[in-house]
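Structure file model-v4.cif (mmCIF, C-alpha atoms) follows.
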data_work
loop_
_atom_site.label_atom_id
_atom_site.label_comp_id
_atom_site.auth_asym_id
_atom_site.auth_seq_id
_atom_site.Cartn_x
_atom_site.Cartn_y
_atom_site.Cartn_z
CA MET U 1 207.92 145.48 -16.64
CA LYS U 2 210.27 146.66 -13.98
CA LYS U 3 207.39 148.06 -11.88
CA GLY U 4 205.53 144.69 -11.86
CA THR U 5 208.49 142.56 -10.89
CA PRO U 6 208.38 143.30 -7.10
CA ILE U 7 204.68 142.46 -7.01
CA ARG U 8 205.29 139.07 -8.61
CA MET U 9 208.16 138.34 -6.21
CA ILE U 10 205.98 139.23 -3.25
CA ILE U 11 203.25 136.90 -4.51
CA MET U 12 205.80 134.10 -5.04
CA LEU U 13 207.21 134.60 -1.55
CA LEU U 14 203.72 134.52 -0.09
CA LEU U 15 202.97 131.29 -1.93
CA VAL U 16 206.25 129.72 -0.77
CA ALA U 17 205.54 130.81 2.80
CA LEU U 18 202.04 129.35 2.58
CA VAL U 19 203.37 125.98 1.32
CA PHE U 20 206.07 125.75 3.97
CA GLY U 21 203.61 126.87 6.63
CA GLY U 22 201.23 124.09 5.62
CA ILE U 23 204.02 121.52 5.71
CA TYR U 24 205.16 122.74 9.13
CA GLY U 25 201.60 122.69 10.47
CA PHE U 26 201.09 119.15 9.21
CA GLN U 27 204.33 118.03 10.86
CA GLN U 28 203.26 119.59 14.15
CA PHE U 29 199.86 117.92 13.93
CA ARG U 30 201.45 114.52 13.15
CA ASN U 31 203.93 114.86 16.00
CA GLU U 32 201.13 115.68 18.41
CA MET U 33 199.20 112.60 17.33
CA ILE U 34 202.29 110.41 17.72
CA SER U 35 202.94 111.91 21.15
CA LYS U 36 199.39 111.13 22.24
CA ALA U 37 199.76 107.55 20.99
CA ILE U 38 203.04 107.12 22.83
CA ARG U 39 201.43 108.36 26.04
CA GLY U 40 199.06 105.42 25.77
CA LYS U 41 196.05 107.33 24.50
CA GLY U 42 196.08 105.49 21.20
CA ILE U 43 198.03 102.27 21.95
CA PRO U 44 195.86 99.17 22.13
CA PRO U 45 196.33 96.98 25.24
CA GLN U 46 199.13 94.44 24.90
CA ALA U 47 198.69 90.74 25.80
CA VAL U 48 200.88 89.55 28.68
CA SER U 49 201.07 86.50 30.92
CA THR U 50 201.27 87.11 34.65
CA ILE U 51 201.82 85.48 38.01
CA VAL U 52 200.79 86.47 41.52
CA VAL U 53 203.84 86.87 43.75
CA LYS U 54 203.84 84.65 46.83
CA LYS U 55 206.30 83.44 49.42
CA GLU U 56 207.82 79.99 49.10
CA GLU U 57 210.12 78.02 51.38
CA TRP U 58 213.69 77.78 50.16
CA GLN U 59 216.34 75.49 51.53
CA PRO U 60 219.63 77.21 50.67
CA LYS U 61 222.03 74.67 49.21
CA VAL U 62 225.54 74.48 47.91
CA ASP U 63 225.65 72.56 44.63
CA VAL U 64 228.87 70.74 43.79
CA ILE U 65 229.92 68.34 41.07
CA GLY U 66 231.24 64.85 41.77
CA SER U 67 231.46 61.32 40.42
CA LEU U 68 230.43 58.03 41.91
CA GLN U 69 232.71 55.17 42.83
CA ALA U 70 232.07 51.79 44.40
CA GLU U 71 232.82 51.17 48.06
CA GLN U 72 235.15 48.41 46.85
CA SER U 73 236.26 47.86 43.28
CA THR U 74 238.89 45.67 41.66
CA GLN U 75 239.97 43.93 38.48
CA LEU U 76 240.29 40.25 39.34
CA ALA U 77 243.34 38.36 38.07
CA THR U 78 245.17 35.14 38.95
CA GLU U 79 248.53 35.12 40.71
CA VAL U 80 249.98 32.39 38.45
CA SER U 81 249.81 31.32 34.83
CA GLY U 82 247.95 28.32 33.51
CA LEU U 83 245.33 26.84 31.21
CA ILE U 84 241.73 27.68 32.10
CA THR U 85 239.91 24.42 32.86
CA GLN U 86 236.72 25.69 34.54
CA ILE U 87 234.74 28.93 34.67
CA HIS U 88 232.13 29.16 37.40
CA PHE U 89 230.57 32.60 36.75
CA LYS U 90 228.60 34.56 34.18
CA SER U 91 228.98 38.19 33.18
CA GLY U 92 226.99 40.54 35.43
CA GLN U 93 226.47 37.92 38.13
CA ALA U 94 226.22 38.78 41.83
CA VAL U 95 228.68 36.75 43.91
CA LYS U 96 229.46 36.19 47.58
CA ALA U 97 232.80 36.65 49.29
CA GLY U 98 235.03 33.59 48.74
CA GLU U 99 232.94 32.22 45.89
CA LYS U 100 234.97 30.23 43.34
CA LEU U 101 235.07 31.94 39.95
CA LEU U 102 237.73 30.26 37.80
CA GLU U 103 240.16 27.32 37.91
CA LEU U 104 243.45 26.79 36.13
CA ASN U 105 244.99 23.39 35.34
CA ASP U 106 246.42 22.08 38.63
CA ALA U 107 246.81 18.34 37.82
CA PRO U 108 250.67 18.31 38.05
CA LEU U 109 250.56 20.15 41.37
CA LYS U 110 247.97 17.74 42.81
CA ALA U 111 250.08 14.74 41.75
CA GLN U 112 253.07 16.22 43.52
CA LEU U 113 250.85 16.97 46.54
CA ALA U 114 249.96 13.28 46.84
CA GLN U 115 253.68 12.42 46.89
CA LEU U 116 254.37 15.00 49.60
CA GLN U 117 251.40 13.83 51.65
CA ALA U 118 252.73 10.24 51.50
CA ALA U 119 256.14 11.44 52.70
CA ALA U 120 254.48 13.32 55.56
CA THR U 121 252.50 10.20 56.53
CA LEU U 122 255.68 8.13 56.60
CA ALA U 123 257.46 10.74 58.70
CA ARG U 124 254.55 10.74 61.16
CA GLN U 125 254.67 6.92 61.45
CA ASN U 126 258.45 6.93 62.00
CA LEU U 127 258.03 9.52 64.76
CA THR U 128 255.33 7.49 66.46
CA ARG U 129 257.43 4.28 66.32
CA ASP U 130 260.59 5.97 67.58
CA GLN U 131 258.71 7.68 70.42
CA ALA U 132 257.58 4.20 71.57
CA GLN U 133 261.14 2.91 71.25
CA LEU U 134 262.42 5.86 73.29
CA LYS U 135 260.26 4.83 76.25
CA ILE U 136 262.16 1.52 76.49
CA SER U 137 265.50 3.21 75.65
CA ALA U 138 265.75 1.36 72.34
CA VAL U 139 266.61 4.61 70.48
CA SER U 140 268.20 7.84 71.53
CA ARG U 141 266.35 11.14 72.00
CA ALA U 142 268.32 12.54 69.09
CA VAL U 143 266.61 10.06 66.76
CA VAL U 144 263.16 11.21 67.97
CA GLU U 145 264.08 14.87 67.55
CA SER U 146 265.31 14.12 64.04
CA ASP U 147 261.98 12.41 63.29
CA GLN U 148 260.08 15.45 64.59
CA ALA U 149 262.06 17.79 62.35
CA THR U 150 261.50 15.51 59.36
CA LEU U 151 257.74 15.48 60.01
CA LYS U 152 257.56 19.26 60.33
CA SER U 153 259.47 19.67 57.07
CA ALA U 154 257.15 17.21 55.29
CA GLU U 155 254.02 18.95 56.60
CA ALA U 156 255.41 22.33 55.57
CA GLN U 157 255.98 21.04 52.04
CA VAL U 158 252.39 19.78 51.93
CA LYS U 159 251.07 23.20 52.99
CA GLN U 160 253.28 24.91 50.42
CA GLN U 161 251.95 22.65 47.68
CA GLU U 162 248.36 23.25 48.79
CA ALA U 163 249.02 27.00 48.62
CA LEU U 164 250.32 26.62 45.06
CA ILE U 165 247.19 24.70 44.13
CA ASP U 166 245.02 27.37 45.76
CA GLN U 167 246.69 29.97 43.53
CA LYS U 168 245.23 28.12 40.56
CA ILE U 169 241.73 29.05 41.80
CA LEU U 170 240.34 32.56 41.43
CA LYS U 171 237.89 33.53 44.22
CA ALA U 172 235.80 36.64 44.91
CA PRO U 173 237.59 38.66 47.62
CA PHE U 174 234.33 40.37 48.63
CA ALA U 175 230.63 40.22 47.82
CA GLY U 176 229.59 42.30 44.82
CA LYS U 177 228.60 42.33 41.18
CA LEU U 178 230.81 41.03 38.41
CA GLY U 179 231.41 42.85 35.15
CA ILE U 180 231.88 41.38 31.69
CA ARG U 181 234.04 38.25 31.43
CA LYS U 182 237.28 38.81 29.49
CA VAL U 183 238.56 35.22 29.16
CA ASP U 184 237.27 31.92 27.76
CA LEU U 185 237.49 28.27 28.65
CA GLY U 186 240.67 26.61 27.36
CA GLU U 187 242.57 29.90 27.12
CA TYR U 188 246.11 30.11 28.49
CA LEU U 189 246.10 32.80 31.12
CA SER U 190 249.25 34.69 32.05
CA ALA U 191 249.73 35.81 35.63
CA GLY U 192 248.13 39.21 36.27
CA THR U 193 245.83 39.15 33.25
CA ALA U 194 242.47 40.78 34.05
CA VAL U 195 239.66 38.23 34.15
CA VAL U 196 236.63 40.28 35.26
CA SER U 197 235.84 43.36 37.33
CA LEU U 198 234.12 43.15 40.71
CA GLN U 199 232.23 46.06 42.24
CA LYS U 200 230.55 46.41 45.62
CA LEU U 201 227.68 48.75 44.79
CA ASP U 202 226.05 49.33 48.17
CA PRO U 203 226.86 51.84 49.45
CA MET U 204 228.33 54.05 46.73
CA TYR U 205 230.84 56.80 47.40
CA VAL U 206 230.72 60.28 45.90
CA ASP U 207 233.82 62.46 46.16
CA PHE U 208 233.57 66.21 45.62
CA THR U 209 235.47 69.37 46.50
CA ILE U 210 234.31 72.55 48.19
CA PRO U 211 236.06 75.91 48.67
CA GLN U 212 237.72 76.45 52.02
CA SER U 213 235.21 79.26 52.69
CA GLU U 214 232.43 76.66 52.88
CA LEU U 215 234.22 74.20 55.16
CA SER U 216 231.77 74.98 57.98
CA LEU U 217 228.94 73.51 55.86
CA VAL U 218 230.32 69.97 55.94
CA THR U 219 230.52 67.79 59.02
CA ILE U 220 230.75 64.04 59.45
CA GLY U 221 227.27 62.54 59.38
CA LYS U 222 225.60 65.52 57.68
CA LYS U 223 222.96 64.55 55.12
CA ILE U 224 223.39 65.33 51.44
CA SER U 225 221.41 64.52 48.32
CA ILE U 226 222.60 63.78 44.80
CA GLN U 227 221.00 63.84 41.35
CA THR U 228 222.16 62.51 38.01
CA ASN U 229 220.71 62.84 34.52
CA ALA U 230 220.91 59.05 34.26
CA PHE U 231 217.79 59.02 36.48
CA ALA U 232 216.17 62.40 35.82
CA GLY U 233 213.95 63.65 38.62
CA LYS U 234 215.15 61.07 41.15
CA THR U 235 217.07 62.08 44.28
CA PHE U 236 219.39 59.81 46.26
CA GLU U 237 220.15 60.49 49.91
CA GLY U 238 223.43 59.97 51.74
CA LYS U 239 225.70 61.14 54.54
CA ILE U 240 229.18 62.66 54.67
CA THR U 241 231.61 60.00 55.90
CA ALA U 242 235.05 61.58 55.50
CA ILE U 243 236.72 64.97 55.06
CA GLU U 244 240.27 65.28 53.78
CA PRO U 245 242.34 66.65 56.70
CA GLN U 246 244.21 69.13 54.52
CA VAL U 247 243.47 71.90 52.02
CA ASP U 248 244.79 71.63 48.46
CA THR U 249 247.28 74.51 48.34
CA SER U 250 246.92 74.95 44.58
CA THR U 251 243.11 75.33 44.55
CA ARG U 252 242.30 76.03 48.23
CA ASN U 253 239.64 73.33 47.99
CA ILE U 254 238.85 70.47 50.37
CA THR U 255 237.89 66.97 49.27
CA VAL U 256 234.79 65.47 50.89
CA ARG U 257 233.43 61.92 50.63
CA ALA U 258 229.82 60.88 51.19
CA ALA U 259 228.22 57.43 51.24
CA ILE U 260 225.02 56.97 49.23
CA ALA U 261 222.68 54.05 49.94
CA ASN U 262 222.21 51.96 46.77
CA PRO U 263 220.26 48.83 47.76
CA ASP U 264 218.73 48.40 44.28
CA GLY U 265 222.07 48.77 42.51
CA MET U 266 220.73 51.60 40.31
CA LEU U 267 223.79 53.78 40.73
CA MET U 268 227.02 52.71 39.06
CA PRO U 269 230.66 53.76 39.43
CA GLY U 270 231.71 56.63 37.20
CA LEU U 271 228.31 58.35 37.03
CA PHE U 272 228.52 62.15 36.92
CA VAL U 273 226.36 63.64 39.70
CA THR U 274 225.40 66.93 41.30
CA ALA U 275 225.54 66.87 45.09
CA HIS U 276 223.46 69.24 47.19
CA VAL U 277 224.65 70.24 50.66
CA ASP U 278 222.12 72.11 52.82
CA GLN U 279 223.21 75.59 53.90
CA GLY U 280 221.56 76.71 57.13
CA GLU U 281 217.84 76.75 57.95
CA PRO U 282 215.02 77.01 55.35
CA GLN U 283 214.13 80.59 54.32
CA GLN U 284 210.93 82.25 53.06
CA TYR U 285 211.39 84.19 49.80
CA LEU U 286 209.11 85.92 47.31
CA THR U 287 209.55 83.85 44.17
CA LEU U 288 209.25 84.66 40.46
CA PRO U 289 210.01 82.78 37.23
CA SER U 290 213.36 83.90 35.86
CA THR U 291 211.59 85.16 32.69
CA ALA U 292 209.87 87.87 34.75
CA ILE U 293 213.17 89.59 35.58
CA ALA U 294 214.84 92.00 33.16
CA TYR U 295 218.52 92.44 33.97
CA ASN U 296 219.96 95.86 33.09
CA PRO U 297 223.22 97.67 33.85
CA TYR U 298 221.36 99.90 36.31
CA GLY U 299 219.56 97.04 38.06
CA SER U 300 216.94 94.32 37.74
CA THR U 301 213.37 95.32 36.87
CA VAL U 302 209.90 93.81 36.63
CA PHE U 303 206.54 95.05 35.33
CA VAL U 304 203.80 95.11 37.98
CA VAL U 305 200.18 95.09 36.76
CA LYS U 306 198.02 97.89 38.18
CA ASP U 307 194.20 97.94 38.25
CA GLU U 308 193.00 101.34 37.04
CA GLY U 309 189.29 100.56 37.43
CA LYS U 310 186.92 100.21 34.44
CA ASP U 311 187.07 101.67 30.96
CA ASP U 312 184.16 103.24 29.04
CA LYS U 313 182.88 99.79 28.12
CA GLY U 314 182.99 98.49 31.71
CA LYS U 315 186.02 96.27 31.14
CA PRO U 316 188.97 96.16 33.58
CA LYS U 317 191.54 98.84 32.79
CA LEU U 318 194.99 97.46 33.47
CA THR U 319 198.34 99.20 33.13
CA VAL U 320 201.89 98.26 34.07
CA GLU U 321 204.42 99.91 36.34
CA GLN U 322 208.11 99.23 35.84
CA ARG U 323 209.80 98.61 39.17
CA VAL U 324 213.40 98.00 40.27
CA VAL U 325 213.86 94.88 42.41
CA THR U 326 216.71 93.21 44.28
CA THR U 327 217.17 89.55 43.40
CA GLY U 328 218.63 86.80 45.56
CA PRO U 329 219.48 83.12 45.08
CA THR U 330 218.18 81.06 42.19
CA ARG U 331 216.96 77.48 41.90
CA GLY U 332 215.93 75.87 38.64
CA ASP U 333 213.62 78.29 36.77
CA GLN U 334 212.96 80.45 39.84
CA VAL U 335 214.52 83.61 41.27
CA ALA U 336 214.11 84.89 44.83
CA VAL U 337 213.17 88.58 45.15
CA LEU U 338 214.60 90.24 48.25
CA SER U 339 213.07 93.72 47.86
CA GLY U 340 210.88 95.80 45.53
CA LEU U 341 207.76 93.61 45.61
CA LYS U 342 205.04 92.56 48.02
CA ALA U 343 203.22 89.27 48.29
CA GLY U 344 199.96 89.32 46.30
CA GLU U 345 201.14 91.70 43.57
CA THR U 346 200.71 90.62 39.95
CA VAL U 347 203.87 90.57 37.85
CA VAL U 348 204.29 90.16 34.09
CA THR U 349 206.12 86.93 33.19
CA ALA U 350 206.05 87.17 29.38
CA GLY U 351 205.50 89.97 26.84
CA GLN U 352 207.71 92.61 28.51
CA LEU U 353 209.54 93.59 25.31
CA LYS U 354 206.56 95.57 24.01
CA LEU U 355 205.85 97.32 27.33
CA ARG U 356 206.83 100.61 28.87
CA ASN U 357 205.86 102.34 32.09
CA GLY U 358 202.07 103.06 32.07
CA ALA U 359 201.31 100.92 29.01
CA PRO U 360 197.82 99.33 28.91
CA VAL U 361 197.69 95.53 28.99
CA PHE U 362 195.29 92.62 29.13
CA ILE U 363 196.10 89.25 30.71
CA ASN U 364 196.30 86.01 28.76
CA ASN U 365 197.64 83.16 30.89
CA SER U 366 196.90 80.35 28.45
CA ILE U 367 200.67 79.86 28.06
CA GLN U 368 202.98 80.26 31.04
CA PRO U 369 206.80 80.18 31.13
CA SER U 370 208.44 77.42 33.16
CA ASN U 371 208.44 77.97 36.91
CA ASN U 372 209.92 74.67 38.11
CA PRO U 373 212.36 74.81 41.06
CA HIS U 374 213.84 71.48 39.99
CA PRO U 375 213.59 71.19 36.19
CA GLU U 376 214.55 67.93 34.55
CA VAL U 377 217.21 67.76 31.85
CA LYS U 378 215.82 65.86 28.89
CA ASP U 379 217.96 64.37 26.15
CA GLN U 380 216.95 65.45 22.67
#

As structure tokens, how would this structure be written, given the file I've shared?
Amino acid sequence: MKKGTPIRMIIMLLLVALVFGGIYGFQQFRNEMISKAIRGKGIPPQAVSTIVVKKEEWQPKVDVIGSLQAEQSTQLATEVSGLITQIHFKSGQAVKAGEKLLELNDAPLKAQLAQLQAAATLARQNLTRDQAQLKISAVSRAVVESDQATLKSAEAQVKQQEALIDQKILKAPFAGKLGIRKVDLGEYLSAGTAVVSLQKLDPMYVDFTIPQSELSLVTIGKKISIQTNAFAGKTFEGKITAIEPQVDTSTRNITVRAAIANPDGMLMPGLFVTAHVDQGEPQQYLTLPSTAIAYNPYGSTVFVVKDEGKDDKGKPKLTVEQRVVTTGPTRGDQVAVLSGLKAGETVVTAGQLKLRNGAPVFINNSIQPSNNPHPEVKDQ
């Protein structure tokens, strides 16, 4: 029994070695197959969408935020109190400068005006009679001078009364568009109570601020354009009309005002807008959709499609090359590429997540990511 024990142990060790050797060999074989697949020998081509890189003209711009205000704007109110007897306007109506809008009760003032006018007429007649009497020395010059003073006083009282009556009438101080009426016929109106707003809508003003470092971009008369999501896709043109002659010491910004033509009255005060100020001459840049760029800590990369000829079945053999690029300014969905690409090269725009350097691909451009330099914001 003791002599056979070593033989059995040797056999067991051989069997164990054989089992572990088989396991190790299988692992090596599997790893080799995986390695071949990773090197692209067994990976099926991946579907990607692509775009051919080309140069496009860019107009560098500085985008700033502002709000619109009317050239002239006011809340109309009467100077005096009184009962509203007539309303001559409707809400939203366009009016001319000096147009009568509202009248308060002025009957007592007009009655008093008639009395003052009668007194002025009498004073004028007395002056005329005494001037004739002075020519024949029937009255003294002092009497005539007294009559002249009395007439002037009477005429001044008439003008004062007419001014009081005029205060009972509300008129448009300038041409524009009225807002919504806030009073009704027969209502007692206190002095200073807002009756209706009046806005002069052409031109409109947009005020915005720029950093002091960009002061050289703005000059009086320079053209700007504005956009607002109230009228998506529409651009309004204007010119810079004023620049604040001092820098805000707390923000180091400068306030700029531009006038925007608004003949159709589409724009309204208070609208939030984006103003675009041109920055230098137009430039030519290679342009890609922003989805084509992968931003990494070590730089920005793209996948460039390479033509490797034909495969065994005569079909195009395409692979990708990962390349580092330098990006520049952006506009909408587009990014300018300053270096790393050439015009005419084909770049992957979608499907990069499943790619690596040298991976086989095939192109499917049935669906393309957005590549709009001026995308519209749509409300959901």

For the structure provided, state which residues fall under the PyMOL selection byres ((chain U and resi 103) around 8), and present them as an MDAnalysis selection string. chainID U and resid 84:87 101:102 104:105 168:170

Atoms kept (C-alpha atoms) for selection, written as a compact mmCIF listing (two decimals), in the frame of the given file:
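Everything below was put into result.txt:
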# COMPACT_ATOMS: atom_id res chain seq x y z
CA ILE U 84 241.73 27.68 32.10
CA THR U 85 239.91 24.42 32.86
CA GLN U 86 236.72 25.69 34.54
CA ILE U 87 234.74 28.93 34.67
CA LEU U 101 235.07 31.94 39.95
CA LEU U 102 237.73 30.26 37.80
CA LEU U 104 243.45 26.79 36.13
CA ASN U 105 244.99 23.39 35.34
CA LYS U 168 245.23 28.12 40.56
CA ILE U 169 241.73 29.05 41.80
CA LEU U 170 240.34 32.56 41.43

Within 9 Å of U:Gln148, counting only C-alpha atoms, which residues qualify if same-chain residues fewer than 5 places away don't, as a ChimeraX atom specification? /U:123-124,127,143,153

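The neighbours of U:Asp307 here are the residues that come within 9 Å of it, using all atoms listed in the file and leaving out any residue fewer than 2 positions away in the same chain; they are Val305, Gly309, Lys310, Pro316, Lys317, Leu318, Thr319 and Val320 of chain U.
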
Hey, which bits of stretch 233-263 of chain U sit within 10 Å of stretch 272-279 of chain U, and for each residue what's the closest pair of atoms and how far apart in Å (one decimal), counting only C-alpha atoms, rows by chain and increasing number, as a Markdown table?
| residue | atom | partner | partner_atom | distance |
| --- | --- | --- | --- | --- |
| U:Thr235 | CA | U:Ala275 | CA | 9.8 |
| U:Phe236 | CA | U:Ala275 | CA | 9.4 |
| U:Glu237 | CA | U:Ala275 | CA | 9.6 |
| U:Gly238 | CA | U:Ala275 | CA | 9.8 |
| U:Lys239 | CA | U:Val277 | CA | 9.9 |
| U:Ile240 | CA | U:Val277 | CA | 9.7 |
| U:Ala258 | CA | U:Ala275 | CA | 9.6 |

Selection result for the PyMOL selection byres ((chain U and resi 227) around 12) on this file, as a compact mmCIF listing (two decimals) with C-alpha atoms, in the frame of the given file:
# COMPACT_ATOMS: atom_id res chain seq x y z
CA ASP U 63 225.65 72.56 44.63
CA VAL U 64 228.87 70.74 43.79
CA ILE U 65 229.92 68.34 41.07
CA GLY U 66 231.24 64.85 41.77
CA SER U 67 231.46 61.32 40.42
CA LEU U 68 230.43 58.03 41.91
CA VAL U 206 230.72 60.28 45.90
CA ILE U 224 223.39 65.33 51.44
CA SER U 225 221.41 64.52 48.32
CA ILE U 226 222.60 63.78 44.80
CA THR U 228 222.16 62.51 38.01
CA ASN U 229 220.71 62.84 34.52
CA ALA U 230 220.91 59.05 34.26
CA PHE U 231 217.79 59.02 36.48
CA ALA U 232 216.17 62.40 35.82
CA GLY U 233 213.95 63.65 38.62
CA LYS U 234 215.15 61.07 41.15
CA THR U 235 217.07 62.08 44.28
CA PHE U 236 219.39 59.81 46.26
CA GLU U 237 220.15 60.49 49.91
CA GLY U 238 223.43 59.97 51.74
CA ILE U 260 225.02 56.97 49.23
CA LEU U 267 223.79 53.78 40.73
CA LEU U 271 228.31 58.35 37.03
CA PHE U 272 228.52 62.15 36.92
CA VAL U 273 226.36 63.64 39.70
CA THR U 274 225.40 66.93 41.30
CA ALA U 275 225.54 66.87 45.09
CA HIS U 276 223.46 69.24 47.19
CA VAL U 277 224.65 70.24 50.66
CA HIS U 374 213.84 71.48 39.99
CA PRO U 375 213.59 71.19 36.19
CA GLU U 376 214.55 67.93 34.55
CA VAL U 377 217.21 67.76 31.85

What lies within 6 Å of U:Ile363 using all atoms listed in the file, ignoring chain neighbours under 5 positions off, as number ranges by chain? U: 47-49

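Residues captured in this structure file are Lys110, Gln112, Leu113, Ala114, Leu116, Gln117, Ala120, Lys152, Ser153, Ala154, Glu155, Ala156, Gln157, Val158, Gln160, Gln161, Glu162, Ala163, Leu164, Ile165 and Asp166 of chain U, according to the PyMOL selection byres ((chain U and resi 159) around 12).
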
Nearby residues (only C-alpha atoms) at most 12 Å from U:Val247, same-chain spacing under 3 positions excluded, as a PyMOL selection string: chain U and resi 209-213+215+243-244+250-256

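The coordinates place atom CA of U:Glu308 at 18.5 Å from atom CA of U:Lys342.
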
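Interatomic distance, atom CA of U:Gln131 against atom CA of U:Gln115: 24.5 Å.
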
What gap, in Å, lies between atom CA of U:Arg8 and atom CA of U:Gly21? 19.6 Å

Env of U:Glu345: 12 Å cut, atoms = only C-alpha atoms, seq-sep filter 5 positions within chain, self excluded. Answer as a VMD selection string. chain U and resid 50 to 55 286 to 288 302 to 307 320 to 321 323 340

Write a file of the just-selected residues containing C-alpha atoms, as a PDB file, in the frame of the given file.
ATOM      1  CA  THR U  50     201.270  87.110  34.650  1.00  0.00           C
ATOM      2  CA  ILE U  51     201.820  85.480  38.010  1.00  0.00           C
ATOM      3  CA  VAL U  52     200.790  86.470  41.520  1.00  0.00           C
ATOM      4  CA  VAL U  53     203.840  86.870  43.750  1.00  0.00           C
ATOM      5  CA  LYS U  54     203.840  84.650  46.830  1.00  0.00           C
ATOM      6  CA  LYS U  55     206.300  83.440  49.420  1.00  0.00           C
ATOM      7  CA  LEU U 286     209.110  85.920  47.310  1.00  0.00           C
ATOM      8  CA  THR U 287     209.550  83.850  44.170  1.00  0.00           C
ATOM      9  CA  LEU U 288     209.250  84.660  40.460  1.00  0.00           C
ATOM     10  CA  VAL U 302     209.900  93.810  36.630  1.00  0.00           C
ATOM     11  CA  PHE U 303     206.540  95.050  35.330  1.00  0.00           C
ATOM     12  CA  VAL U 304     203.800  95.110  37.980  1.00  0.00           C
ATOM     13  CA  VAL U 305     200.180  95.090  36.760  1.00  0.00           C
ATOM     14  CA  LYS U 306     198.020  97.890  38.180  1.00  0.00           C
ATOM     15  CA  ASP U 307     194.200  97.940  38.250  1.00  0.00           C
ATOM     16  CA  VAL U 320     201.890  98.260  34.070  1.00  0.00           C
ATOM     17  CA  GLU U 321     204.420  99.910  36.340  1.00  0.00           C
ATOM     18  CA  ARG U 323     209.800  98.610  39.170  1.00  0.00           C
ATOM     19  CA  GLY U 340     210.880  95.800  45.530  1.00  0.00           C
TER      20      GLY U 340
END

What are the closest atom pairs, with distances in Å to one decimal, for all residues of stretch 94-184 of chain U lying within 6 Å of stretch 194-201 of chain U? Consider only C-alpha atoms, order rows by chain and residue number, and present the result as JSON lines.
{"residue": "U:Gly176", "atom": "CA", "partner": "U:Lys200", "partner_atom": "CA", "distance": 4.3}
{"residue": "U:Lys177", "atom": "CA", "partner": "U:Gln199", "partner_atom": "CA", "distance": 5.3}
{"residue": "U:Leu178", "atom": "CA", "partner": "U:Leu198", "partner_atom": "CA", "distance": 4.6}
{"residue": "U:Gly179", "atom": "CA", "partner": "U:Ser197", "partner_atom": "CA", "distance": 5.0}
{"residue": "U:Arg181", "atom": "CA", "partner": "U:Val196", "partner_atom": "CA", "distance": 5.0}
{"residue": "U:Lys182", "atom": "CA", "partner": "U:Val195", "partner_atom": "CA", "distance": 5.3}
{"residue": "U:Val183", "atom": "CA", "partner": "U:Val195", "partner_atom": "CA", "distance": 5.9}

Min atom-atom distance to U:Pro289 from the set U:Lys313, U:Pro269, U:Val335, U:Ala261, counting all atoms listed in the file, belongs to U:Val335

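You can rank U:Ala94, U:Ala118, U:Val144, U:Ala111 by their closest distance to U:Ala132 using all atoms listed in the file, and at the top of that list sits U:Val144.
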
For U:Tyr188, which residue out of U:Gln133, U:Gln59, U:Ser81, U:Gln28 is the nearest one, using all atoms listed in the file? U:Ser81

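Counting all atoms listed in the file, the residue from U:Gly98, U:Gly344, U:Gly270, U:Gly332 that sits nearest to U:Asn372 is U:Gly332.
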